[in-house]
Amino acid sequence: MLEIINLKASINKRDILNGLNLKINPGEVHAIMGPNGSGKSTLANILSGKNGYKITGDLKYKGESLKDIPVEQRAQKGIFLAFQYPLEIPGVNTNNFLKTSLNTIRKARGEKEIDTLAFLKLVKEKANELGIDEKILSRQLNVGFSGGEKKKNEILQMKILDPNLIILDETDSGLDIDALKTIADGVNSSRSKDKSFLVITHYQRLLDYIKPDFVHVLSSGKIIKSGSSELAVELEKKGYKKIN
């Protein structure tokens with residue numbers, strides 16, 4: 001699904017990633033943990049196609065290099081990023097945003113656009129699964145939403161757009177335990193043999209609910225250790241400084 005080969009990245013002449021290698025197969029859930037400044041969010045930004053970074057090495061998605069593929073085309077190909085801090089977009093209705101996004105992806109795949117009735121049925125079903133009040137879907141995108149509502153809305157987008165590679169950039173930050181469980185349930189219900197997840201987090205608590213197949217420790221822009229979900233427990237007990 002995803003192969004990262006000797007990825008180096010810098011911005012404003014500051015090196016952030018320093019030879020990162022990672023392979024994620026279809027159906028796998030990988031977690032990346034690491035201290036502040038280790039390059040976790042930079043990795044998420046680069047995978048989604050954010051501009052501004054000087055990059056060497058390669059990123060391959062389903063065997064195809066992503067280096068020259070812009071953000072919108074990555075999304076159309078099935079790459080999804082749930083933001084750490086979802087943006088508020090005044091004037092944009094949430095339902096209209098979701099429907100337009102879905103139809104843009106369907107059109108890129110050569111599929112027929114979904115009509116309004118079918119979309120409303122779909123969004124109602126997915127919103128109910130996440131315990132989202134349908135009233136907020138008629139509001140402006142993320143405007144006035146609580147932190148939990150914004151994160152749930154990100155997972156709702158994921159479930160509606162049905163991507164193949166899902167990147168969660170510290171989705172657990174700022175969530176209370178109930179919202180955390182809801183987010184985790186939304187992710188777990190989407191796991192399948194043709195989807196892969198990259199879960200970026202500071203803390204082990206999210207991984208109590210989303211059980212990863214592999215955990216990687218990122219430090220100074222490189223993966224310095226990999227292991228099973230037990231590695232996350234070890235990190236929680238010992239901290240990052242004692243991991244080598």
# chains A, B, ... in the order shown; residues from 1 in each chain; ligands from 1
$ residues_around --residues "A:Lys60" --least-positions-apart "4" --cutoff "8 Å" --atoms "only C-alpha atoms" --output "PyMOL selection string"
chain A and resi 1-4+64-66
$ residues_around --residues "A:Asn103" --least-positions-apart "2" --cutoff "10 Å" --atoms "only C-alpha atoms" --output "number ranges by chain"
A: 98-101, 105-109, 111-115, 119, 161
$ select_by_dssp --residues "stretch 2-243 of chain A" --states "alpha helix (DSSP H)" --output "count of residues only"
80
$ closest_residue --among "A:Lys77, A:Lys237, A:His216, A:Lys124" --to "A:Ile200" --atoms "only C-alpha atoms"
A:His216
$ atom_distance --atom1 "atom CA of A:Ser229" --atom2 "atom CA of A:Val217"
11.6 Å
$ atom_distance --atom1 "atom CA of A:Val187" --atom2 "atom CA of A:Asp68"
29.2 Å
$ select_by_dssp --residues "stretch 78-107 of chain A" --states "strand (DSSP E or B)" --output "PDB file with C-alpha atoms, in the first residue's frame"
ATOM      1  CA  ILE A  79      -5.205   8.938   0.510  1.00  0.00           C
ATOM      2  CA  PHE A  80      -6.891  10.617   3.478  1.00  0.00           C
ATOM      3  CA  LEU A  81      -5.424  12.775   6.240  1.00  0.00           C
ATOM      4  CA  ALA A  82      -7.324  13.500   9.462  1.00  0.00           C
ATOM      5  CA  ILE A  89     -14.259  27.120   6.927  1.00  0.00           C
ATOM      6  CA  PRO A  90     -16.874  29.872   7.302  1.00  0.00           C
ATOM      7  CA  GLY A  91     -19.550  29.974   4.618  1.00  0.00           C
ATOM      8  CA  VAL A  92     -19.146  26.322   3.622  1.00  0.00           C
ATOM      9  CA  ASN A  93     -22.018  24.051   4.658  1.00  0.00           C
TER      10      ASN A  93
END
$ residues_around --residues "A:Val29" --least-positions-apart "3" --cutoff "8 Å" --atoms "only C-alpha atoms" --output "JSON list (two decimals) with N, CA and C atoms, in the first residue's frame"
[["chain", "number", "residue", "atom", "x", "y", "z"],
["A", 24, "ILE", "N", 4.07, -0.21, 4.63],
["A", 24, "ILE", "CA", 2.78, -0.57, 5.18],
["A", 24, "ILE", "C", 2.03, -1.39, 4.14],
["A", 196, "SER", "N", -5.33, 0.58, 4.79],
["A", 196, "SER", "CA", -4.17, 0.67, 5.68],
["A", 196, "SER", "C", -4.25, 1.96, 6.48],
["A", 197, "PHE", "N", -3.76, 1.90, 7.71],
["A", 197, "PHE", "CA", -3.81, 3.06, 8.60],
["A", 197, "PHE", "C", -2.41, 3.39, 9.10],
["A", 198, "LEU", "N", -2.13, 4.70, 9.16],
["A", 198, "LEU", "CA", -0.94, 5.20, 9.82],
["A", 198, "LEU", "C", -1.43, 6.13, 10.93],
["A", 199, "VAL", "N", -1.28, 5.68, 12.17],
["A", 199, "VAL", "CA", -1.79, 6.41, 13.33],
["A", 199, "VAL", "C", -0.62, 7.11, 14.00],
["A", 211, "LYS", "N", -5.87, -1.09, 18.16],
["A", 211, "LYS", "CA", -4.72, -1.97, 18.33],
["A", 211, "LYS", "C", -3.90, -2.02, 17.04],
["A", 212, "PRO", "N", -2.68, -1.48, 17.06],
["A", 212, "PRO", "CA", -1.86, -1.48, 15.85],
["A", 212, "PRO", "C", -1.16, -2.82, 15.65],
["A", 213, "ASP", "N", -0.86, -3.12, 14.41],
["A", 213, "ASP", "CA", -0.05, -4.30, 14.10],
["A", 213, "ASP", "C", 1.41, -4.04, 14.40],
["A", 214, "PHE", "N", 1.83, -2.79, 14.18],
["A", 214, "PHE", "CA", 3.23, -2.40, 14.40],
["A", 214, "PHE", "C", 3.27, -1.01, 15.03]]
$ closest_residue --among "A:Ile166, A:Ile46, A:Leu130, A:Ile55" --to "A:Asp185" --atoms "only C-alpha atoms"
A:Leu130
$ decode --residues "stretch 152-186 of chain A" --atoms "N, CA and C atoms" --output "compact mmCIF listing (two decimals), in the first residue's frame"
# COMPACT_ATOMS: atom_id res chain seq x y z
N LYS A 152 -14.64 14.12 15.32
CA LYS A 152 -15.67 13.20 14.83
C LYS A 152 -16.01 13.50 13.37
N ASN A 153 -16.04 14.79 13.03
CA ASN A 153 -16.33 15.18 11.66
C ASN A 153 -15.24 14.69 10.70
N GLU A 154 -13.99 14.67 11.16
CA GLU A 154 -12.90 14.13 10.35
C GLU A 154 -13.14 12.64 10.08
N ILE A 155 -13.54 11.89 11.11
CA ILE A 155 -13.77 10.46 10.94
C ILE A 155 -15.01 10.23 10.08
N LEU A 156 -16.00 11.11 10.19
CA LEU A 156 -17.18 11.02 9.31
C LEU A 156 -16.75 11.18 7.85
N GLN A 157 -15.88 12.15 7.59
CA GLN A 157 -15.37 12.32 6.22
C GLN A 157 -14.68 11.05 5.75
N MET A 158 -13.88 10.46 6.62
CA MET A 158 -13.17 9.23 6.27
C MET A 158 -14.15 8.13 5.88
N LYS A 159 -15.21 7.97 6.66
CA LYS A 159 -16.15 6.88 6.41
C LYS A 159 -16.94 7.13 5.12
N ILE A 160 -17.22 8.38 4.82
CA ILE A 160 -17.99 8.69 3.61
C ILE A 160 -17.12 8.60 2.36
N LEU A 161 -15.88 9.10 2.44
CA LEU A 161 -15.01 9.10 1.26
C LEU A 161 -14.40 7.72 1.00
N ASP A 162 -14.34 6.87 2.02
CA ASP A 162 -13.91 5.47 1.87
C ASP A 162 -12.52 5.36 1.23
N PRO A 163 -11.49 5.99 1.82
CA PRO A 163 -10.13 5.93 1.26
C PRO A 163 -9.47 4.59 1.54
N ASN A 164 -8.31 4.39 0.92
CA ASN A 164 -7.54 3.16 1.12
C ASN A 164 -6.40 3.34 2.11
N LEU A 165 -5.80 4.53 2.13
CA LEU A 165 -4.72 4.83 3.06
C LEU A 165 -5.16 5.98 3.95
N ILE A 166 -5.30 5.70 5.24
CA ILE A 166 -5.80 6.68 6.20
C ILE A 166 -4.69 7.08 7.14
N ILE A 167 -4.40 8.37 7.20
CA ILE A 167 -3.37 8.92 8.08
C ILE A 167 -4.06 9.73 9.15
N LEU A 168 -3.88 9.35 10.40
CA LEU A 168 -4.48 10.06 11.53
C LEU A 168 -3.39 10.82 12.27
N ASP A 169 -3.37 12.13 12.12
CA ASP A 169 -2.32 12.95 12.72
C ASP A 169 -2.76 13.45 14.09
N GLU A 170 -2.39 12.71 15.14
CA GLU A 170 -2.71 13.06 16.52
C GLU A 170 -4.19 13.39 16.69
N THR A 171 -5.01 12.50 16.14
CA THR A 171 -6.46 12.67 16.21
C THR A 171 -6.96 12.64 17.65
N ASP A 172 -6.18 12.04 18.55
CA ASP A 172 -6.61 11.91 19.94
C ASP A 172 -6.34 13.16 20.77
N SER A 173 -5.61 14.13 20.24
CA SER A 173 -5.23 15.30 21.05
C SER A 173 -6.46 16.10 21.44
N GLY A 174 -6.56 16.41 22.72
CA GLY A 174 -7.64 17.25 23.22
C GLY A 174 -8.98 16.56 23.39
N LEU A 175 -9.02 15.24 23.28
CA LEU A 175 -10.30 14.52 23.38
C LEU A 175 -10.52 13.98 24.78
N ASP A 176 -11.79 14.04 25.24
CA ASP A 176 -12.12 13.35 26.48
C ASP A 176 -12.30 11.86 26.17
N ILE A 177 -12.48 11.05 27.18
CA ILE A 177 -12.47 9.61 27.01
C ILE A 177 -13.63 9.12 26.14
N ASP A 178 -14.80 9.76 26.25
CA ASP A 178 -15.95 9.34 25.45
C ASP A 178 -15.71 9.63 23.97
N ALA A 179 -15.19 10.82 23.67
CA ALA A 179 -14.90 11.16 22.28
C ALA A 179 -13.80 10.27 21.73
N LEU A 180 -12.82 9.96 22.57
CA LEU A 180 -11.72 9.08 22.15
C LEU A 180 -12.26 7.70 21.75
N LYS A 181 -13.14 7.16 22.56
CA LYS A 181 -13.73 5.85 22.27
C LYS A 181 -14.54 5.89 20.98
N THR A 182 -15.28 6.99 20.77
CA THR A 182 -16.08 7.12 19.56
C THR A 182 -15.20 7.15 18.32
N ILE A 183 -14.11 7.92 18.39
CA ILE A 183 -13.17 8.01 17.27
C ILE A 183 -12.57 6.63 16.99
N ALA A 184 -12.16 5.95 18.06
CA ALA A 184 -11.56 4.63 17.90
C ALA A 184 -12.55 3.64 17.31
N ASP A 185 -13.79 3.69 17.75
CA ASP A 185 -14.82 2.80 17.20
C ASP A 185 -15.01 3.06 15.71
N GLY A 186 -14.97 4.35 15.33
CA GLY A 186 -15.13 4.69 13.92
C GLY A 186 -13.99 4.15 13.08
